[in-house]
Protein chains: 4
Amino acid sequence: MLKVAVVGASGYTGVELLRILVGHPEIEICCVTSRQHEGLPINQVFPSLSGFCELPCEPLDIAAIAKHADLVFTALPHKTAMEVVPGFLAAGCKVVDLSADYRLKDQDVYEQWYQVHSSPELFAEAVYGLPELYREQLRSARLVANPGCYPTSVILGLAPLLEKHLIDPKSLIVDSKSGVSGAGRGVKLGSLFCEANEGFKAYGIASHRHTPEIEQELTGLAGCAIRLNFTPHLLPVNRGILSTCYADLLEDKSTEELIALFQQHYADEHFIRVMPGGQLPNIAYVRGTNFCDIGLVSDQHTGRVIVVTAIDNLVKGAAGQAVQNMNIICGFDESLGLGIVPTFP
Amino acid sequence: MLKVAVVGASGYTGVELLRILVGHPEIEICCVTSRQHEGLPINQVFPSLSGFCELPCEPLDIAAIAKHADLVFTALPHKTAMEVVPGFLAAGCKVVDLSADYRLKDQDVYEQWYQVHSSPELFAEAVYGLPELYREQLRSARLVANPGCYPTSVILGLAPLLEKHLIDPKSLIVDSKSGVSGAGRGVKLGSLFCEANEGFKAYGIASHRHTPEIEQELTGLAGCAIRLNFTPHLLPVNRGILSTCYADLLEDKSTEELIALFQQHYADEHFIRVMPGGQLPNIAYVRGTNFCDIGLVSDQHTGRVIVVTAIDNLVKGAAGQAVQNMNIICGFDESLGLGIVPTFP
Amino acid sequence: MLKVAVVGASGYTGVELLRILVGHPEIEICCVTSRQHEGLPINQVFPSLSGFCELPCEPLDIAAIAKHADLVFTALPHKTAMEVVPGFLAAGCKVVDLSADYRLKDQDVYEQWYQVHSSPELFAEAVYGLPELYREQLRSARLVANPGCYPTSVILGLAPLLEKHLIDPKSLIVDSKSGVSGAGRGVKLGSLFCEANEGFKAYGIASHRHTPEIEQELTGLAGCAIRLNFTPHLLPVNRGILSTCYADLLEDKSTEELIALFQQHYADEHFIRVMPGGQLPNIAYVRGTNFCDIGLVSDQHTGRVIVVTAIDNLVKGAAGQAVQNMNIICGFDESLGLGIVPTFP
Amino acid sequence: MLKVAVVGASGYTGVELLRILVGHPEIEICCVTSRQHEGLPINQVFPSLSGFCELPCEPLDIAAIAKHADLVFTALPHKTAMEVVPGFLAAGCKVVDLSADYRLKDQDVYEQWYQVHSSPELFAEAVYGLPELYREQLRSARLVANPGCYPTSVILGLAPLLEKHLIDPKSLIVDSKSGVSGAGRGVKLGSLFCEANEGFKAYGIASHRHTPEIEQELTGLAGCAIRLNFTPHLLPVNRGILSTCYADLLEDKSTEELIALFQQHYADEHFIRVMPGGQLPNIAYVRGTNFCDIGLVSDQHTGRVIVVTAIDNLVKGAAGQAVQNMNIICGFDESLGLGIVPTFP
């Protein structure tokens, strides 16, 4: 049994990691940490976990954790993550980091969008944890930079088109919508029920921190510098991201041809479900699971393709993908512990 | 007192018309009709109206209604509307038609997207009821084609840019999101609570009937044929449309310059609220009212402008705009009865 | 024009007071205060108010406010309210206090449930602002203790039965459900969207602070000491309280007889809508308005009556009732500015 | 591998059965039926099932189904169920019937609340499928009458108190709240998103069909005839029932004593989680799972106990309990396939 620690267990990503990990047959959770709830059993923080995980919340003591843990999930805010990740690595743990701290490859870009980085020497080693793109590199990774939720939904939707050079790389527009859990469990005005419920808004237009992450990966796929419009919106649901991606087609392709292309591209991917023609994704159909559902339409009227992707931001957009990455770097079957069936309705 | 009839009172547009009209100081509701609830007091159909409007639902008898009514709101599905509108006009009533039947100016286009039209001779006379564009023509109108909800939100957001030729007319992409009341009160699977709640999806990509209506009006504004991508989405809220519109800027303009342009363009418009820089619309801030809130960002990174508009689909997108049109064609103050303050939260 | 100040304008009760007051024809808002947002125009705190109220938030300076204001609404937390109410009264203002500080008549009870009270000498003078019970005393009041939201919904539902001694005063059980806005706009974990949405729970069982307030008023109506079970629940909606009240009937009365009794009891009450037999209230039918809808069933099977009441917690449960009280103590028509039609859906 | 058929697969109970069954290691789904969607793969009806179950919907042909199926889940409306259950039994299948048709033991009561029954001879044989009460009888059952959702939540909350004669059996009041999926997937006005969302109402007061079912079982537990008030309410969430139960205590017991009693009573029950003092259930903590969470408070002030239970109406209230019953009658471990961890948020 692999011993794993969940560092930062009292956020929504933390509880989601625990939800998935308690059902994983090859691991044992040896430690959960929470500064805020130190000493409290985690199932008093999240009564949903009663009967599944009742460990007490421990302080974030790297040495103490590394003594028992083979692998550490760091579910911390950016900046806080970089303060502990090097220590865990030095102590011999593998790390799947769910923060943004090791996702960008260019230190300047990181420091422009976030703040000074204290361990940029790890950038080269960190593997961007999108298995559909980096599976081989992940197998031997010691540090996984688990992708952002929005980037996951966007990159998976555009990868087949960019790789095949079917779309104009200058034409990309991505309109994304995320459930409120994407904002985390921190108590802030904008996350209050009455502020979000029955409301809908765009935010961070032309300034959201996931933009450089998306551009970095799409640039790699396209082989040329990508600049795109990425507009996130706040959706009054608990979970789910739906990204609607627009691009100019470079050659005339029908909806059916493009769907066939996607189906072939993702034929071996367990967690990608390309929908047949006439069907479009709904965040309700992936709820609680690691799936990314993809639908698309080729619009002859304008010569554009519209790709729609749906993920659960807490699963494929965070904890589920983190466990998928753990499976890969630890040599388990990639879908182990992730066979969750979507709950509908 | 102007006598008005609400034909098709038992849908969401109908009850919204009644909600607004019972507070209008210059009119009297002389008749409400509903095939389904004939004989039942309308406040038993909608208990919210108790104490405000308790008229019995009558059958749709044109002659009987026209005997008392000076003006008729037809809140019927398309096709059903065209079966009665000519009769009301012939009987001397003014008509504000909330269906799609008289919005399109080109019979071929209408028949391609809907079905055969039985009174295309009225197309020339019908005035498209968007006061911000057609106020003068409306003053003397006998038949108002009240705009669709999505088109209202899109046209108001793009008009200043197209009129000033600031954006590339071939570059338009509109990503819209509507609350469930937009689908009406008909009982269908997709409108069930459990199908929509905690869900989110795109629908009608490249095939929604509001596309030709939007293109017709934007073409008029731009002075050249417009083809755009219009993608509607279903939002799990009762009311509200948020449209996020993308366009390539033809010349470099800052966010502040563009906001100033919009503020000037809409300076005399009572129901347009252009938001200051840094603020973006939220459907929650216009709930229950006839406002269209507009915010925008000029993205130097990609050379595009992103305009976001928010309306209440049942008010500025339907019943409120219909009353605004009634005010204009009847010579009342344009905002009479529409001074509703948004309910937040 | 009466000059009124809204002290504590940046909470949900504050914005609701402003929503109602900007449409009131006999008053002028001379001042809004907010510690947190001092200097900011209130419509930047609440963009919904743009075009209606754009006053800057001022600090809470009693003397400065009292110089202009004839009447002050104090929309502050308990304890904070008692620190300023005596000052406003001394400065000659009338005060409608929306906190709990002057609702209880017994200082011991207050101090047992809240904390030490600094101005208990005002208890005798303060009038409990439930017009349906205390209209005459209110006419000459200088200090109105605006009732709690839950107590309003409960007292109005049980008053006719207790006054007529039709129910066993020892048998009362009240099961209430409130929307999240009842918890205020303070940022706390339990008010987060993801904590409340798709959730439902009871809280404060046998320990909610509204219990003594309800018991005080029901005791007055019954003429004997009332002890009841009051169980509040948190409902995943923005607004609304529905209270389901159970009591043993002392004599056999049919549903129809009891409805007739309620209709007679409340015949002259503008804001009480007693529903006909077979109909039951829904918080959706009173949304945004000052109505209290009441429905009931006499259950022959158990000999109990079940009374269900619905109010909007922010209107009849707070701001609307406060304006109703202002109307009474200032000699305006009681429903002035409160003719809002419910928004449905 | 046990071969099971799901008859009536296109409702919410049907899809929930499939969600659970596809993860069950000892069974194989051999057939799904749906009159409405005959011929369509079930994953086109419910795209959430793609990759898990893609069987075509078959017509309801008893002989054809019985040829392959060892056990049949009938997820049909009452009356429709009784038309097929005897046939499946005669053909040698075990049946877990999720309708109301075999729950009541008294034919007169059944026919008074529902309609004429065509196979009352099966009443004696059918076992009421609440394992916490009838586990032994279930082991050898051929026909299981799977309990109603509300009754499950009520009976489990009151059983320990009634069995120990700690509460006055004449004092029971149950105030229940259910998510909208409880109304099924039929398209009816009251189940529309806009009718339920942001709304809350009681319905079926003193007349809900689950009342005789609850009374039958509580009568059995108490050893004397029980009549109670049962008031259901419609909660704007997809899933979940919370029942708040009130009863007069016959002897003074503290909250701690009663919790200890419940913990002892349910010590061996896998799916009952009795919450420690100070904690109360929330439907969010049992979402998607077969748990029944129970919390309680003894109110010294009134001498009553308030028991609150939370279940997922589609799982412990329907499909999950049905699988639990299948496990028992087939000799599997009772929790097999039901180890689902609650999804929060």
# chains A, B, ... in the order shown; residues from 1 in each chain; ligands from 1
call {"tool": "interface_residues", "arguments": {"of": "chain D", "to": "chain A", "cutoff": "7 Å", "atoms": "only C-alpha atoms", "output": "PyMOL selection string"}}
result
chain D and resi 19+47-48+238+285-286+288+341-345
call {"tool": "residues_around", "arguments": {"residues": "Glu132 of chain B", "least_positions_apart": "3", "cutoff": "12 Å", "atoms": "only C-alpha atoms", "output": "ChimeraX atom specification"}}
result
/B:128-129,135-138,147,152-153,155-157,159-160,265-272,292,316,321,324-325,328,334
call {"tool": "write_last_selection", "arguments": {"atoms": "N, CA and C atoms", "output": "PDB file, in the first residue's frame"}}
result
ATOM      1  N   TYR B 128     -39.787  47.092 -35.763  1.00  0.00           N
ATOM      2  CA  TYR B 128     -39.009  46.292 -34.817  1.00  0.00           C
ATOM      3  C   TYR B 128     -38.875  47.100 -33.521  1.00  0.00           C
ATOM      4  N   GLY B 129     -39.407  46.529 -32.453  1.00  0.00           N
ATOM      5  CA  GLY B 129     -39.598  47.309 -31.244  1.00  0.00           C
ATOM      6  C   GLY B 129     -38.397  47.441 -30.330  1.00  0.00           C
ATOM      7  N   ARG B 135     -36.910  54.384 -32.284  1.00  0.00           N
ATOM      8  CA  ARG B 135     -37.880  55.179 -31.524  1.00  0.00           C
ATOM      9  C   ARG B 135     -38.794  56.007 -32.434  1.00  0.00           C
ATOM     10  N   GLU B 136     -38.218  56.638 -33.420  1.00  0.00           N
ATOM     11  CA  GLU B 136     -39.050  57.525 -34.250  1.00  0.00           C
ATOM     12  C   GLU B 136     -40.110  56.741 -35.021  1.00  0.00           C
ATOM     13  N   GLN B 137     -39.682  55.641 -35.632  1.00  0.00           N
ATOM     14  CA  GLN B 137     -40.653  54.841 -36.378  1.00  0.00           C
ATOM     15  C   GLN B 137     -41.751  54.281 -35.459  1.00  0.00           C
ATOM     16  N   LEU B 138     -41.373  54.026 -34.218  1.00  0.00           N
ATOM     17  CA  LEU B 138     -42.339  53.435 -33.293  1.00  0.00           C
ATOM     18  C   LEU B 138     -43.476  54.397 -32.945  1.00  0.00           C
ATOM     19  N   PRO B 147     -38.849  42.657 -29.959  1.00  0.00           N
ATOM     20  CA  PRO B 147     -37.650  41.859 -30.253  1.00  0.00           C
ATOM     21  C   PRO B 147     -37.531  40.613 -29.378  1.00  0.00           C
ATOM     22  N   THR B 152     -32.169  41.333 -28.252  1.00  0.00           N
ATOM     23  CA  THR B 152     -32.103  42.588 -27.504  1.00  0.00           C
ATOM     24  C   THR B 152     -30.749  42.718 -26.815  1.00  0.00           C
ATOM     25  N   SER B 153     -30.332  41.639 -26.150  1.00  0.00           N
ATOM     26  CA  SER B 153     -29.087  41.711 -25.383  1.00  0.00           C
ATOM     27  C   SER B 153     -27.864  41.871 -26.290  1.00  0.00           C
ATOM     28  N   ILE B 155     -27.857  43.120 -29.683  1.00  0.00           N
ATOM     29  CA  ILE B 155     -27.873  44.330 -30.522  1.00  0.00           C
ATOM     30  C   ILE B 155     -27.473  45.554 -29.701  1.00  0.00           C
ATOM     31  N   LEU B 156     -28.003  45.652 -28.486  1.00  0.00           N
ATOM     32  CA  LEU B 156     -27.669  46.821 -27.658  1.00  0.00           C
ATOM     33  C   LEU B 156     -26.182  46.835 -27.315  1.00  0.00           C
ATOM     34  N   GLY B 157     -25.587  45.668 -27.222  1.00  0.00           N
ATOM     35  CA  GLY B 157     -24.166  45.612 -26.881  1.00  0.00           C
ATOM     36  C   GLY B 157     -23.244  45.945 -28.039  1.00  0.00           C
ATOM     37  N   ALA B 159     -24.300  47.709 -31.031  1.00  0.00           N
ATOM     38  CA  ALA B 159     -24.717  48.846 -31.865  1.00  0.00           C
ATOM     39  C   ALA B 159     -23.704  49.993 -31.902  1.00  0.00           C
ATOM     40  N   PRO B 160     -23.230  50.467 -30.747  1.00  0.00           N
ATOM     41  CA  PRO B 160     -22.307  51.621 -30.813  1.00  0.00           C
ATOM     42  C   PRO B 160     -21.042  51.300 -31.603  1.00  0.00           C
ATOM     43  N   HIS B 265     -23.057  57.401 -26.464  1.00  0.00           N
ATOM     44  CA  HIS B 265     -24.052  56.834 -27.376  1.00  0.00           C
ATOM     45  C   HIS B 265     -25.397  56.651 -26.674  1.00  0.00           C
ATOM     46  N   TYR B 266     -25.338  56.197 -25.431  1.00  0.00           N
ATOM     47  CA  TYR B 266     -26.572  55.880 -24.716  1.00  0.00           C
ATOM     48  C   TYR B 266     -26.940  56.938 -23.675  1.00  0.00           C
ATOM     49  N   ALA B 267     -26.380  58.118 -23.802  1.00  0.00           N
ATOM     50  CA  ALA B 267     -26.569  59.149 -22.774  1.00  0.00           C
ATOM     51  C   ALA B 267     -28.042  59.435 -22.489  1.00  0.00           C
ATOM     52  N   ASP B 268     -28.874  59.405 -23.512  1.00  0.00           N
ATOM     53  CA  ASP B 268     -30.285  59.754 -23.305  1.00  0.00           C
ATOM     54  C   ASP B 268     -31.174  58.545 -23.107  1.00  0.00           C
ATOM     55  N   GLU B 269     -30.577  57.395 -23.010  1.00  0.00           N
ATOM     56  CA  GLU B 269     -31.384  56.178 -22.884  1.00  0.00           C
ATOM     57  C   GLU B 269     -31.622  55.836 -21.417  1.00  0.00           C
ATOM     58  N   HIS B 270     -32.876  55.859 -21.044  1.00  0.00           N
ATOM     59  CA  HIS B 270     -33.250  55.617 -19.655  1.00  0.00           C
ATOM     60  C   HIS B 270     -32.900  54.208 -19.193  1.00  0.00           C
ATOM     61  N   PHE B 271     -32.986  53.246 -20.098  1.00  0.00           N
ATOM     62  CA  PHE B 271     -32.872  51.853 -19.654  1.00  0.00           C
ATOM     63  C   PHE B 271     -31.521  51.212 -19.949  1.00  0.00           C
ATOM     64  N   ILE B 272     -30.584  52.005 -20.400  1.00  0.00           N
ATOM     65  CA  ILE B 272     -29.235  51.472 -20.611  1.00  0.00           C
ATOM     66  C   ILE B 272     -28.335  52.030 -19.513  1.00  0.00           C
ATOM     67  N   CYS B 292     -30.815  47.375 -19.378  1.00  0.00           N
ATOM     68  CA  CYS B 292     -29.754  46.616 -20.018  1.00  0.00           C
ATOM     69  C   CYS B 292     -28.448  47.202 -19.492  1.00  0.00           C
ATOM     70  N   LYS B 316     -36.723  43.490 -20.128  1.00  0.00           N
ATOM     71  CA  LYS B 316     -36.185  44.119 -21.341  1.00  0.00           C
ATOM     72  C   LYS B 316     -36.195  43.127 -22.506  1.00  0.00           C
ATOM     73  N   GLN B 321     -40.002  45.543 -22.363  1.00  0.00           N
ATOM     74  CA  GLN B 321     -39.804  46.241 -23.631  1.00  0.00           C
ATOM     75  C   GLN B 321     -41.140  46.426 -24.361  1.00  0.00           C
ATOM     76  N   GLN B 324     -42.646  49.359 -22.779  1.00  0.00           N
ATOM     77  CA  GLN B 324     -41.908  50.525 -23.270  1.00  0.00           C
ATOM     78  C   GLN B 324     -42.410  50.906 -24.669  1.00  0.00           C
ATOM     79  N   ASN B 325     -42.605  49.904 -25.488  1.00  0.00           N
ATOM     80  CA  ASN B 325     -43.131  50.164 -26.837  1.00  0.00           C
ATOM     81  C   ASN B 325     -44.553  50.710 -26.790  1.00  0.00           C
ATOM     82  N   ILE B 328     -44.455  54.307 -26.025  1.00  0.00           N
ATOM     83  CA  ILE B 328     -44.049  55.136 -27.164  1.00  0.00           C
ATOM     84  C   ILE B 328     -45.186  55.289 -28.168  1.00  0.00           C
ATOM     85  N   GLU B 334     -41.937  57.383 -21.816  1.00  0.00           N
ATOM     86  CA  GLU B 334     -41.431  56.069 -22.212  1.00  0.00           C
ATOM     87  C   GLU B 334     -41.165  55.124 -21.044  1.00  0.00           C
TER      88      GLU B 334
END
call {"tool": "select_by_dssp", "arguments": {"residues": "segment 111-198 of chain B", "states": "strand (DSSP E)", "output": "MDAnalysis selection string"}}
result
chainID B and resid 127:128 143:145 173:179
call {"tool": "atom_distance", "arguments": {"atom1": "atom CA of Glu195 of chain D", "atom2": "atom CA of Asp101 of chain D"}}
result
29.5 Å
call {"tool": "atom_distance", "arguments": {"atom1": "atom CA of His24 of chain A", "atom2": "atom CA of Ser335 of chain A"}}
result
10.0 Å
call {"tool": "residues_around", "arguments": {"residues": "segment 108-120 of chain A", "least_positions_apart": "6", "cutoff": "12 Å", "atoms": "only C-alpha atoms", "output": "NGL selection string"}}
result
:A and (77-87 or 89 or 99-102 or 126 or 207-213 or 215-216)
call {"tool": "select_by_dssp", "arguments": {"residues": "segment 162-248 of chain D", "states": "alpha helix (DSSP H)", "output": "list in words"}}
result
Leu162, Glu163, Phe193, Cys194, Glu195, Ala196, His210, Thr211, Pro212, Glu213, Ile214, Glu215, Gln216, Glu217, Leu218, Thr219, Gly220, Leu221 and Ala222 of chain D
call {"tool": "residues_around", "arguments": {"residues": "Leu296 of chain A", "least_positions_apart": "3", "cutoff": "6 Å", "atoms": "only C-alpha atoms", "output": "list of chain:residue names"}}
result
A:Ile306, A:Val307, A:Val308
call {"tool": "residues_around", "arguments": {"residues": "Leu2 of chain A", "least_positions_apart": "2", "cutoff": "7 Å", "atoms": "only C-alpha atoms", "output": "count of residues only"}}
result
5
call {"tool": "atom_distance", "arguments": {"atom1": "atom CA of Cys53 of chain A", "atom2": "atom CA of Thr33 of chain A"}}
result
12.9 Å
